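Asker: My questions all concern the structure below.
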Amino acid sequence: GTGGNTPTGLADYGAGSELTVNLLPPDSALPGADEINVGDWKLIEKLNTTWPPPEQLKKIVEKEQNPNAPQRFMVAAVSCNFLDMTDNWISSLEAIGIFNYLVVALDEEAYRRLKEVRPEHVVQSPFRAISESPTYGSEGFATVVRSRPLLLAYLLHTGYQVLYSDVDTFFTANPFNDMDPEMDICGPSDSKLDQPPLLTWEDKHNICTGLLYLRPSAATFELLARWNLRLERGFRRLNQGSFNNALRDMGFMVEDVEPTIKVKVLDKDAFPPGFMYFGNEYWQHLNEWQPMRSAVMIHNNYAQKTDNKVHRFRDFDLWYPTLNLENCLAEEARRLRRRRL
């Protein structure tokens with residue numbers, strides 16, 4: 001750990017560190033807290049307020065184009081092995097006029113390279129660096145997603161509303177227009193078992209964690225605490241399932257139970273999962289999708305390898321990186337080829 005309450009650069013805030021993450025506002029109480037070891041939530045008496053840097057974040061929030069909107073910003077967390085995806089993500093945002101975005105670099109090389117091209121938009125993560133390529137289902141991936149509720153808790157404690165996005169996404173219109181600032185959570189459906197655009201029971205139990213709009217409310221902090229607790233207790237590789245089970249714990253879409261959290265499921269035509277938009281065989285055999293409106297965000301999920309995602313984006317004319325950011329794996333592969341020659 002770093003000691004004290006001020007993070008300096010990349011730090012490991014794991015077990016035994018003096019600085020861990022407070023998921024709950026000081027004046028809130030989690031129902032059933034007497035049945036759970038509160039230490040599992042890694043509470044601290046006083047939350048660090050120097051991350052992200054307040055002045056830097058304030059300038060980012062001020063880039064919001066809508067003067068009537070609540071104070072808010074977009075955020076993504078990236079490692080060096082996904083910098084080409086990050087490049088495409090940034091380009092899609094700036095092309096539609098979104099500049100109130102923050103990129104959290106998960107390793108020092110990602111931070112260095114992003115700092116060269118978008119210094120005002122990048123910060124280092126308060127969590128440990130990710131050294132390996134976090135492919136879906138790997139331990140590295142589990143480490144990244146395990147830190148997500150903690151990262152979101154930090155960001156929400158700034159008082160701003162936050163739109164978290166994976167970087168394997170491409171935006172064709174402003175996603176903020178579909179978010180409801182009165183809801184605690186807004187997110188798209190990721191279910192395979194419905195007839196679009198209708199939402200089934202399973203749809204509403206399978207919110208995709210690749211895009212989440214969060215309001216800094218007591219209910220949201222409780223959700224993050226429950227999500228984090230499930231990840232801490234060994235469900236690290238089941239990130240999205242842990243999130244949706246945490247929603248269920250709070251009564252969301254549970255029969256005869258009044259939910260304690262307000263959730264908006266986003267329009268599936270506007271926020272289609274990858275298997276719908278890119279039309280894999282499963283979906284084509286299931287039914288024929290006829291969207292009622294254009295997609296706002298295309299999520300390139302249901303393709304595990306980065307190379308597959310890049311090819312798919314290119315095939316659908318959704319690949320427009322402009323910052324010349326290359327991911328570290330591609331760079332290393334090129335160096336190895338040169339050595340063989």
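Chain labels run A, B, ... following the order of the structure tokens; each chain numbers its residues from 1, and ligands are numbered from 1 in the order shown.
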Please provide as a ChimeraX atom specification all residues within 7 Å of range 157-173 of chain A, with the sequence filter that same-chain residues fewer than 2 positions apart are discarded (counting only C-alpha atoms).
Answerer: /A:71-76,85-86,89,92-93,96,153-155,175,210-216,296-300,318
Asker: If you keep C-alpha atoms, can you produce a file of those selected residues as a JSON list (two decimals), in the first residue's frame?
Answerer:
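Result written to part.json:
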```json
[["chain", "number", "residue", "atom", "x", "y", "z"],
["A", 71, "GLN", "CA", -22.93, 17.58, -13.90],
["A", 72, "ARG", "CA", -21.66, 14.38, -15.44],
["A", 73, "PHE", "CA", -18.90, 12.71, -17.43],
["A", 74, "MET", "CA", -18.06, 9.49, -19.26],
["A", 75, "VAL", "CA", -15.29, 7.20, -18.08],
["A", 76, "ALA", "CA", -13.43, 4.12, -19.30],
["A", 85, "MET", "CA", -9.69, 0.11, -28.99],
["A", 86, "THR", "CA", -9.38, 3.16, -26.76],
["A", 89, "TRP", "CA", -13.59, 4.82, -28.62],
["A", 92, "SER", "CA", -16.23, 8.04, -31.87],
["A", 93, "LEU", "CA", -16.97, 10.25, -28.85],
["A", 96, "ILE", "CA", -20.33, 13.34, -31.96],
["A", 153, "ALA", "CA", -17.48, 4.28, -5.94],
["A", 154, "TYR", "CA", -14.47, 6.59, -6.01],
["A", 155, "LEU", "CA", -15.84, 8.47, -9.03],
["A", 175, "PRO", "CA", -25.78, 8.30, -25.30],
["A", 210, "GLY", "CA", -20.29, -2.61, -20.37],
["A", 211, "LEU", "CA", -22.34, 0.59, -20.20],
["A", 212, "LEU", "CA", -23.69, 1.92, -16.91],
["A", 213, "TYR", "CA", -25.07, 5.33, -16.04],
["A", 214, "LEU", "CA", -24.95, 5.92, -12.29],
["A", 215, "ARG", "CA", -26.33, 8.60, -9.99],
["A", 216, "PRO", "CA", -24.50, 9.14, -6.67],
["A", 296, "VAL", "CA", -26.69, 4.91, -30.47],
["A", 297, "MET", "CA", -23.95, 2.60, -29.22],
["A", 298, "ILE", "CA", -22.61, -0.60, -30.73],
["A", 299, "HIS", "CA", -21.04, -2.93, -28.19],
["A", 300, "ASN", "CA", -18.49, -5.28, -29.74],
["A", 318, "LEU", "CA", -16.93, 1.30, -37.29]]
```
Asker: Neighbours of range 260-268 of chain A within 8 Å (only C-alpha atoms; same-chain residues fewer than 2 positions away dropped), as a ChimeraX atom specification?
Answerer: /A:178-180,183-189,196-197,204,207,219-220,247,250-252,258,270-273
Asker: As JSON, numbers by chain, please: all residues of range 171-325 of chain A that backbone DSSP puts in helix (DSSP H, G or I).
Answerer: {"A": [175, 176, 177, 178, 203, 204, 205, 218, 219, 220, 221, 222, 223, 224, 225, 226, 227, 228, 229, 230, 231, 232, 239, 240, 241, 242, 243, 244, 245, 246, 247, 248, 249, 274, 275, 276, 277, 281, 282, 283, 284, 285, 286, 306, 307, 308, 309, 310, 311, 312, 313, 314, 315]}
Asker: Name the residues of range 44-270 of chain A that come out as strand (DSSP E) in a backbone DSSP run; write them as a ChimeraX atom specification.
Answerer: /A:72-78,101-105,122-124,161-165,169-171,185-187,211-214,263-265
Asker: Please provide the set of residues having any atom within 10 Å of Ser91 in chain A, restricted to only C-alpha atoms, with same-chain residues fewer than 6 positions apart removed, written as a ChimeraX atom specification.
Answerer: /A:85,97-98,170-171,319-323
Asker: Provide the CA of Tyr277 in chain A to CA of Phe176 in chain A distance in Å, to one decimal place.
Answerer: 20.4 Å
Asker: When you look at Val103 in chain A with a cut-off of 10 Å (counting only C-alpha atoms), what residues show up, excluding the ones that are within fewer than 6 positions of it in the same chain? I need them as a ChimeraX atom specification.
Answerer: /A:74-78,86,90,110-111,114,118-125,167
Asker: Using C-alpha atoms, can you write the selected residues to a file as a PDB file, in the first residue's frame?
Answerer:
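Result file follows (selection_21.pdb):
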```pdb
ATOM      1  CA  MET A  74     -18.059   9.486 -19.261  1.00  0.00           C
ATOM      2  CA  VAL A  75     -15.290   7.195 -18.078  1.00  0.00           C
ATOM      3  CA  ALA A  76     -13.427   4.121 -19.295  1.00  0.00           C
ATOM      4  CA  ALA A  77     -10.661   2.085 -17.669  1.00  0.00           C
ATOM      5  CA  VAL A  78      -7.997   0.717 -20.035  1.00  0.00           C
ATOM      6  CA  THR A  86      -9.378   3.165 -26.757  1.00  0.00           C
ATOM      7  CA  ILE A  90     -12.216   8.341 -28.174  1.00  0.00           C
ATOM      8  CA  ALA A 110      -1.061   3.106 -21.016  1.00  0.00           C
ATOM      9  CA  TYR A 111      -0.820   6.257 -18.909  1.00  0.00           C
ATOM     10  CA  LEU A 114      -2.408   8.483 -23.438  1.00  0.00           C
ATOM     11  CA  ARG A 118      -4.925  13.504 -24.487  1.00  0.00           C
ATOM     12  CA  PRO A 119      -3.193  14.745 -21.318  1.00  0.00           C
ATOM     13  CA  GLU A 120      -6.250  16.559 -19.981  1.00  0.00           C
ATOM     14  CA  HIS A 121      -8.402  13.420 -20.188  1.00  0.00           C
ATOM     15  CA  VAL A 122      -6.226  10.733 -18.570  1.00  0.00           C
ATOM     16  CA  VAL A 123      -5.495   9.768 -14.949  1.00  0.00           C
ATOM     17  CA  GLN A 124      -3.683   6.827 -13.406  1.00  0.00           C
ATOM     18  CA  SER A 125      -5.698   4.193 -11.622  1.00  0.00           C
ATOM     19  CA  VAL A 167     -13.804   0.665 -24.826  1.00  0.00           C
TER      20      VAL A 167
END
```
Asker: I'd like to know which of A:Asn81, A:Asn324, A:Thr50, A:Ser147 is closest to Glu232 in chain A, using only C-alpha atoms.
Answerer: A:Ser147
Asker: Suppose you want the space between CA of Leu229 in chain A and CA of Pro70 in chain A; what is it in Å?
Answerer: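 CA of Leu229 in chain A sits 29.6 Å away from CA of Pro70 in chain A.
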